[in-house]
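Asks: So that you have it, the file is target23.cif, and it contains mmCIF, C-alpha atoms:
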data_protein
loop_
_atom_site.label_atom_id
_atom_site.label_comp_id
_atom_site.auth_asym_id
_atom_site.auth_seq_id
_atom_site.Cartn_x
_atom_site.Cartn_y
_atom_site.Cartn_z
CA GLY A 1300 88.06 130.16 124.23
CA ALA A 1301 86.10 127.57 122.30
CA GLY A 1302 82.43 128.25 121.76
CA VAL A 1303 79.54 125.84 121.40
CA SER A 1304 80.13 123.40 118.59
CA GLN A 1305 77.62 121.24 116.74
CA SER A 1306 77.92 118.41 114.27
CA PRO A 1307 77.15 117.74 111.55
CA SER A 1308 76.65 121.22 110.12
CA ASN A 1309 74.33 119.82 107.46
CA LYS A 1310 72.40 116.56 107.34
CA VAL A 1311 70.20 115.28 104.53
CA THR A 1312 68.21 112.18 105.33
CA GLU A 1313 65.38 110.19 103.88
CA LYS A 1314 61.96 110.20 105.46
CA GLY A 1315 61.69 107.43 108.02
CA LYS A 1316 65.37 107.28 108.91
CA ASP A 1317 66.78 108.12 112.36
CA VAL A 1318 69.25 110.97 112.86
CA GLU A 1319 71.56 112.00 115.69
CA LEU A 1320 72.71 115.57 116.19
CA ARG A 1321 75.59 116.39 118.51
CA CYS A 1322 76.34 119.41 120.68
CA ASP A 1323 79.53 120.25 122.58
CA PRO A 1324 78.81 123.06 125.06
CA ILE A 1325 81.27 125.58 126.40
CA SER A 1326 83.44 123.98 129.04
CA GLY A 1327 82.15 124.67 132.54
CA HIS A 1328 78.62 125.58 131.46
CA THR A 1329 76.11 123.65 133.55
CA ALA A 1330 73.07 124.28 131.37
CA LEU A 1331 72.46 123.06 127.82
CA TYR A 1332 69.50 123.82 125.58
CA TRP A 1333 68.16 122.59 122.27
CA TYR A 1334 66.02 124.74 120.00
CA ARG A 1335 64.87 124.43 116.44
CA GLN A 1336 64.22 127.11 113.87
CA SER A 1337 62.06 126.43 110.85
CA LEU A 1338 62.24 128.60 107.75
CA GLY A 1339 61.05 132.11 108.57
CA GLN A 1340 60.11 131.16 112.12
CA GLY A 1341 61.43 132.05 115.53
CA LEU A 1342 63.32 129.67 117.75
CA GLU A 1343 61.25 126.92 119.29
CA PHE A 1344 62.41 125.54 122.66
CA LEU A 1345 62.84 121.76 122.67
CA ILE A 1346 64.64 120.58 125.80
CA TYR A 1347 66.84 121.93 128.61
CA PHE A 1348 69.43 120.20 130.81
CA GLN A 1349 70.61 121.76 134.06
CA GLY A 1350 73.34 119.99 136.01
CA ASN A 1351 72.13 116.67 137.40
CA SER A 1352 68.46 117.67 137.45
CA ALA A 1353 65.86 115.92 135.34
CA PRO A 1354 65.70 117.63 131.94
CA ASP A 1355 62.81 119.89 130.99
CA LYS A 1356 61.39 118.08 127.98
CA SER A 1357 58.28 120.22 127.67
CA GLY A 1358 59.15 121.48 124.18
CA LEU A 1359 59.72 118.15 122.45
CA PRO A 1360 57.09 117.97 119.69
CA SER A 1361 56.57 114.21 119.74
CA ASP A 1362 57.92 111.01 121.23
CA ARG A 1363 60.10 110.60 118.13
CA PHE A 1364 62.37 113.23 119.67
CA SER A 1365 64.71 112.46 122.54
CA ALA A 1366 67.92 113.88 123.92
CA GLU A 1367 70.56 112.91 126.40
CA ARG A 1368 73.49 114.62 127.98
CA THR A 1369 76.34 112.37 129.03
CA GLY A 1370 78.68 113.28 131.85
CA GLY A 1371 77.19 116.74 132.12
CA SER A 1372 78.84 117.79 128.89
CA VAL A 1373 78.13 116.56 125.36
CA SER A 1374 74.52 116.20 124.30
CA THR A 1375 72.88 114.21 121.52
CA LEU A 1376 69.46 114.99 120.07
CA THR A 1377 67.90 111.98 118.35
CA ILE A 1378 65.00 112.10 115.94
CA GLN A 1379 63.50 108.74 115.07
CA ARG A 1380 61.53 108.00 111.91
CA THR A 1381 62.13 111.47 110.52
CA GLN A 1382 59.31 113.31 108.77
CA GLN A 1383 59.50 116.16 106.27
CA GLU A 1384 58.15 118.59 108.87
CA ASP A 1385 61.25 117.87 110.97
CA SER A 1386 63.32 119.82 108.41
CA ALA A 1387 64.75 122.81 110.26
CA VAL A 1388 67.93 124.21 111.78
CA TYR A 1389 68.58 122.63 115.16
CA LEU A 1390 70.43 124.97 117.49
CA CYS A 1391 72.17 124.11 120.71
CA ALA A 1392 73.05 126.65 123.39
CA SER A 1393 74.78 126.57 126.74
CA SER A 1394 74.93 128.90 129.71
CA LEU A 1395 76.93 129.06 132.90
CA ALA A 1396 74.20 128.75 135.50
CA GLY A 1397 70.94 127.91 133.76
CA THR A 1398 68.91 130.50 135.65
CA GLY A 1399 67.73 132.41 132.61
CA GLY A 1400 68.54 135.65 134.41
CA PRO A 1401 70.03 138.81 132.90
CA LYS A 1402 73.58 137.70 133.65
CA ASP A 1403 73.14 134.14 132.38
CA GLU A 1404 73.73 134.61 128.68
CA GLN A 1405 72.97 131.68 126.40
CA TYR A 1406 75.69 131.08 123.82
CA PHE A 1407 74.55 129.38 120.66
CA GLY A 1408 76.30 126.96 118.38
CA PRO A 1409 76.19 127.34 114.57
CA GLY A 1410 73.38 124.82 114.26
CA THR A 1411 72.72 121.67 112.26
CA ARG A 1412 70.63 122.17 109.13
CA LEU A 1413 68.46 119.06 108.77
CA THR A 1414 66.71 118.31 105.50
CA VAL A 1415 64.33 115.36 105.31
CA THR A 1416 63.59 114.29 101.75
CA ARG B 109 47.96 134.11 121.10
CA LYS B 110 51.73 133.68 120.86
CA GLU B 111 53.70 134.07 124.08
CA VAL B 112 55.99 136.65 122.50
CA GLU B 113 54.83 138.70 119.52
CA GLN B 114 56.82 140.93 117.22
CA ASP B 115 56.15 142.70 113.95
CA PRO B 116 58.28 140.69 111.49
CA GLY B 117 58.86 143.75 109.26
CA PRO B 118 61.00 144.18 107.28
CA PHE B 119 61.90 147.65 108.42
CA ASN B 120 63.81 149.40 105.64
CA VAL B 121 65.60 152.53 106.86
CA PRO B 122 68.39 154.76 105.54
CA GLU B 123 71.74 154.99 107.25
CA GLY B 124 71.65 157.39 110.16
CA ALA B 125 67.95 156.87 110.87
CA THR B 126 66.48 156.06 114.25
CA VAL B 127 64.33 152.95 114.34
CA ALA B 128 62.28 151.36 117.11
CA PHE B 129 60.94 147.84 117.52
CA ASN B 130 58.29 146.73 119.96
CA CYS B 131 57.48 143.33 121.34
CA THR B 132 54.63 142.14 123.55
CA TYR B 133 54.54 139.16 125.88
CA SER B 134 51.57 137.33 127.32
CA ASN B 135 52.81 136.02 130.65
CA SER B 136 52.61 138.79 133.22
CA ALA B 137 54.81 136.80 135.60
CA SER B 138 57.76 136.83 133.19
CA GLN B 139 61.00 137.70 134.92
CA SER B 140 63.80 138.36 132.46
CA PHE B 141 63.86 139.96 129.06
CA PHE B 142 66.43 140.14 126.30
CA TRP B 143 67.11 141.27 122.77
CA TYR B 144 69.12 138.88 120.63
CA ARG B 145 70.48 139.62 117.18
CA GLN B 146 70.58 137.04 114.40
CA ASP B 147 72.41 137.60 111.15
CA CYS B 148 71.29 135.73 108.04
CA ARG B 149 72.01 132.00 108.37
CA LYS B 150 73.91 132.55 111.60
CA GLU B 151 73.23 131.73 115.22
CA PRO B 152 71.55 134.24 117.56
CA LYS B 153 73.78 136.35 119.81
CA LEU B 154 72.80 138.34 122.87
CA LEU B 155 72.50 142.05 122.11
CA MET B 156 71.39 143.21 125.52
CA SER B 157 69.37 142.28 128.57
CA VAL B 158 66.41 144.52 129.34
CA TYR B 159 65.99 145.96 132.80
CA SER B 160 62.93 147.57 134.38
CA SER B 161 64.68 150.88 134.65
CA GLY B 162 65.63 150.81 130.98
CA ASN B 163 69.17 150.47 129.79
CA GLU B 164 71.41 151.85 127.11
CA ASP B 165 74.42 150.43 125.32
CA GLY B 166 75.92 152.88 122.89
CA ARG B 167 73.39 153.48 120.12
CA PHE B 168 70.98 150.89 121.52
CA THR B 169 68.35 151.57 124.18
CA ALA B 170 66.02 148.94 125.62
CA GLN B 171 62.88 149.65 127.64
CA LEU B 172 60.53 147.43 129.58
CA ASN B 173 56.93 148.31 130.41
CA ARG B 174 55.63 145.65 132.78
CA ALA B 175 52.18 147.19 133.13
CA SER B 176 51.58 146.97 129.37
CA GLN B 177 53.74 143.88 128.92
CA TYR B 178 55.88 145.21 126.17
CA ILE B 179 59.56 145.62 125.47
CA SER B 180 61.15 148.04 123.06
CA LEU B 181 64.47 148.43 121.31
CA LEU B 182 65.61 151.77 119.92
CA ILE B 183 68.53 152.00 117.52
CA ARG B 184 69.94 155.45 116.87
CA ASP B 185 72.18 156.49 113.97
CA SER B 186 71.61 153.19 112.12
CA LYS B 187 74.63 151.61 110.41
CA LEU B 188 74.67 149.23 107.47
CA SER B 189 76.06 146.64 109.87
CA ASP B 190 72.89 146.84 111.99
CA SER B 191 71.02 144.95 109.25
CA ALA B 192 69.88 141.74 110.91
CA THR B 193 66.90 140.10 112.58
CA TYR B 194 66.24 141.23 116.15
CA LEU B 195 64.71 138.62 118.42
CA CYS B 196 62.67 139.57 121.48
CA VAL B 197 63.20 136.96 124.19
CA VAL B 198 61.40 136.36 127.47
CA ASN B 199 62.10 134.07 130.41
CA PRO B 200 58.64 133.26 131.75
CA THR B 201 59.74 131.43 134.87
CA GLY B 202 62.58 133.25 136.52
CA ASN B 203 64.25 130.14 137.86
CA THR B 204 65.09 128.08 134.81
CA GLY B 205 66.89 128.88 131.61
CA LYS B 206 63.92 128.15 129.36
CA LEU B 207 63.55 131.10 127.02
CA ILE B 208 60.70 131.97 124.71
CA PHE B 209 61.71 133.66 121.48
CA GLY B 210 59.65 135.95 119.31
CA GLN B 211 59.59 135.45 115.57
CA GLY B 212 62.01 138.32 115.08
CA THR B 213 61.93 141.71 113.38
CA THR B 214 64.03 142.15 110.27
CA LEU B 215 65.93 145.41 109.81
CA GLN B 216 67.51 146.46 106.53
CA VAL B 217 69.64 149.59 106.67
CA LYS B 218 70.18 151.09 103.21
CA PRO B 219 73.04 153.39 102.14
#
Can you give me the file's structure in the form of structure tokens?

Replies:
Amino acid sequence: GAGVSQSPSNKVTEKGKDVELRCDPISGHTALYWYRQSLGQGLEFLIYFQGNSAPDKSGLPSDRFSAERTGGSVSTLTIQRTQQEDSAVYLCASSLAGTGGPKDEQYFGPGTRLTVT
Amino acid sequence: RKEVEQDPGPFNVPEGATVAFNCTYSNSASQSFFWYRQDCRKEPKLLMSVYSSGNEDGRFTAQLNRASQYISLLIRDSKLSDSATYLCVVNPTGNTGKLIFGQGTTLQVKP
């Protein structure tokens, strides 16, 4: 079946502009996650949606970052007034239950490579 | 101190070698543990979950030591196709999907 998809695959933007990154999770998965990976670094948790619960926003680095998930499916990560340090690969993942347990595998999309010039 | 720490390597080994990676975590209440594999410029994929009793999947063996708060991954009979970055991953809460990823350990298997 279809995996997690993300768009665009690459985005180059000028410093100060806003960007929107999109994630389509696997159908039926209740949990959706956003991470970012900077060059040579591990994945950094950003935000997590689970069903109708309030999202866990504890990883968002500043108030320039926000995300929403409409209808329990598609999610959009928005970065306002982009800075050069925002340059990274933004990865979306989804899982069936959102428990983080051994059986609740997170499936990742291919990522969006964001470059802020 | 980082929540999950790994030696970034790289580990350069010949085909057929046995190689082991360790990872330490800081939160003693952590509940679930995983190894993910990430190929160059690709997304991470689950390699295996790590259970307290230790678990094996073919050439791969994962161990968890809760008392010392470390996780290990052993790869036997290394193949060229094992070349990748191996990410140690911890769920610190046990009731949400929030995962903490280590920086990753890079393995290069040489012919």

Asks: Hey, list the chain B side of the contact with chain A: 6 Å cut-off, only C-alpha atoms, answer as a list in words.

Replies: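 Residues passing the distance filter: Ser140, Glu151, Ser157, Asn203, Thr204, Gly205, Phe209, Gly210 and Gln211 of chain B.
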
Asks: Mind writing the picked residues with C-alpha atoms as a PDB file, keeping the file's coordinate frame?

Replies:
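Okay, result.pdb is ready:
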ATOM      1  CA  SER B 140      63.800 138.360 132.460  1.00  0.00           C
ATOM      2  CA  GLU B 151      73.230 131.730 115.220  1.00  0.00           C
ATOM      3  CA  SER B 157      69.370 142.280 128.570  1.00  0.00           C
ATOM      4  CA  ASN B 203      64.250 130.140 137.860  1.00  0.00           C
ATOM      5  CA  THR B 204      65.090 128.080 134.810  1.00  0.00           C
ATOM      6  CA  GLY B 205      66.890 128.880 131.610  1.00  0.00           C
ATOM      7  CA  PHE B 209      61.710 133.660 121.480  1.00  0.00           C
ATOM      8  CA  GLY B 210      59.650 135.950 119.310  1.00  0.00           C
ATOM      9  CA  GLN B 211      59.590 135.450 115.570  1.00  0.00           C
TER      10      GLN B 211
END

Asks: Kindly give the distance, in Å, that separates CA of Tyr144 (chain B) and CA of Leu1359 (chain A), rounded to a single decimal.

Replies: 22.8 Å

Asks: What does the distance from CA of Thr214 (chain B) to CA of Asp115 (chain B) come to in Å, to one decimal?

Replies: 8.7 Å

Asks: Of the candidates B:Gln216, B:Gln146, B:Thr132, B:Val121, which shows the shortest atom-to-atom distance to Leu172 (chain B), using all atoms listed in the file?

Replies: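 Closest candidate: B:Thr132.
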
Asks: In Å to one decimal, how far is CA of Ser1365 (chain A) from CA of Gln1383 (chain A)?

Replies: 17.5 Å

Asks: Applied to this file, what does the PyMOL selection byres ((chain A and resi 1308-1319) around 12) return in terms of residues, put as number ranges by chain?

Replies: A: 1304-1307, 1320-1322, 1363-1367, 1374-1391, 1408-1416; B: 149-150

Asks: Neighbouring residues of Gln177 (chain B) were defined as those with any atom within 10 Å, considering only C-alpha atoms; residues of the same chain fewer than 2 positions away were excluded. Please report them as a list in words.

Replies: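 The contact residues come out as Val112, Cys131, Thr132, Tyr133, Ser134, Asn135, Ser136, Ala137, Ser138, Leu172, Asn173, Arg174, Ala175 and Ile179 of chain B.
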
Asks: For Gly124 (chain B), find every residue with an atom within 7 Å (counting all atoms listed in the file), except residues of its own chain fewer than 3 positions away, and show them as a list in words.

Replies: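 Here the answer would be Asp185, Ser186 and Lys187 of chain B.
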
Asks: Atoms to include: C-alpha atoms. Write the selected residues as a PDB file, in the coordinates of the input.

Replies:
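The resulting result02.pdb:
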ATOM      1  CA  ASP B 185      72.180 156.490 113.970  1.00  0.00           C
ATOM      2  CA  SER B 186      71.610 153.190 112.120  1.00  0.00           C
ATOM      3  CA  LYS B 187      74.630 151.610 110.410  1.00  0.00           C
TER       4      LYS B 187
END

Asks: Carefully work through the PyMOL selection byres ((chain A and resi 1372) around 8) for this structure and note down the residues it includes, as a ChimeraX atom specification.

Replies: /A:1323-1324,1326,1329,1368-1371,1373-1374

Asks: When you look at Leu188 (chain B) with a cut-off of 8 Å (counting all atoms listed in the file), what residues show up, excluding the ones that are within fewer than 6 positions of it in the same chain? I need them as a compact mmCIF listing (two decimals) with C-alpha atoms, in the coordinates of the input.

Replies:
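The new file result_34.txt reads:
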# COMPACT_ATOMS: atom_id res chain seq x y z
CA GLU B 123 71.74 154.99 107.25
CA GLN B 216 67.51 146.46 106.53
CA VAL B 217 69.64 149.59 106.67
CA LYS B 218 70.18 151.09 103.21
CA PRO B 219 73.04 153.39 102.14

Asks: Run through the PyMOL selection byres ((chain B and resi 215) around 12) on the given coordinates and return the selected residues as a PyMOL selection string.

Replies: chain B and resi 115-123+125-129+145-148+181-183+186-195+212-214+216-218

Asks: Give me a file of those residues, with C-alpha atoms, as an mmCIF file, in the coordinates of the input.

Replies:
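Output file selection-v4.cif follows:
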data_model
loop_
_atom_site.group_PDB
_atom_site.id
_atom_site.type_symbol
_atom_site.label_atom_id
_atom_site.label_comp_id
_atom_site.auth_asym_id
_atom_site.auth_seq_id
_atom_site.Cartn_x
_atom_site.Cartn_y
_atom_site.Cartn_z
ATOM 1 C CA ASP B 115 56.150 142.700 113.950
ATOM 2 C CA PRO B 116 58.280 140.690 111.490
ATOM 3 C CA GLY B 117 58.860 143.750 109.260
ATOM 4 C CA PRO B 118 61.000 144.180 107.280
ATOM 5 C CA PHE B 119 61.900 147.650 108.420
ATOM 6 C CA ASN B 120 63.810 149.400 105.640
ATOM 7 C CA VAL B 121 65.600 152.530 106.860
ATOM 8 C CA PRO B 122 68.390 154.760 105.540
ATOM 9 C CA GLU B 123 71.740 154.990 107.250
ATOM 10 C CA ALA B 125 67.950 156.870 110.870
ATOM 11 C CA THR B 126 66.480 156.060 114.250
ATOM 12 C CA VAL B 127 64.330 152.950 114.340
ATOM 13 C CA ALA B 128 62.280 151.360 117.110
ATOM 14 C CA PHE B 129 60.940 147.840 117.520
ATOM 15 C CA ARG B 145 70.480 139.620 117.180
ATOM 16 C CA GLN B 146 70.580 137.040 114.400
ATOM 17 C CA ASP B 147 72.410 137.600 111.150
ATOM 18 C CA CYS B 148 71.290 135.730 108.040
ATOM 19 C CA LEU B 181 64.470 148.430 121.310
ATOM 20 C CA LEU B 182 65.610 151.770 119.920
ATOM 21 C CA ILE B 183 68.530 152.000 117.520
ATOM 22 C CA SER B 186 71.610 153.190 112.120
ATOM 23 C CA LYS B 187 74.630 151.610 110.410
ATOM 24 C CA LEU B 188 74.670 149.230 107.470
ATOM 25 C CA SER B 189 76.060 146.640 109.870
ATOM 26 C CA ASP B 190 72.890 146.840 111.990
ATOM 27 C CA SER B 191 71.020 144.950 109.250
ATOM 28 C CA ALA B 192 69.880 141.740 110.910
ATOM 29 C CA THR B 193 66.900 140.100 112.580
ATOM 30 C CA TYR B 194 66.240 141.230 116.150
ATOM 31 C CA LEU B 195 64.710 138.620 118.420
ATOM 32 C CA GLY B 212 62.010 138.320 115.080
ATOM 33 C CA THR B 213 61.930 141.710 113.380
ATOM 34 C CA THR B 214 64.030 142.150 110.270
ATOM 35 C CA GLN B 216 67.510 146.460 106.530
ATOM 36 C CA VAL B 217 69.640 149.590 106.670
ATOM 37 C CA LYS B 218 70.180 151.090 103.210
#

Asks: Restricting the calculation to only C-alpha atoms, which member of B:Gln114, B:Gln139, B:Asn163, B:Thr169 is positioned closest to Thr201 (chain B)?

Replies: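 Closest to Thr201 (chain B), using only C-alpha atoms: B:Gln139.
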
Asks: Taking (74.6, 150.1, 121.3) as a centre in this file's frame and 9 Å as the limit, can you find every polymer residue with an atom that close, using all atoms listed in the file, and give them as a PyMOL selection string?

Replies: chain B and resi 155-156+164-169+183-184
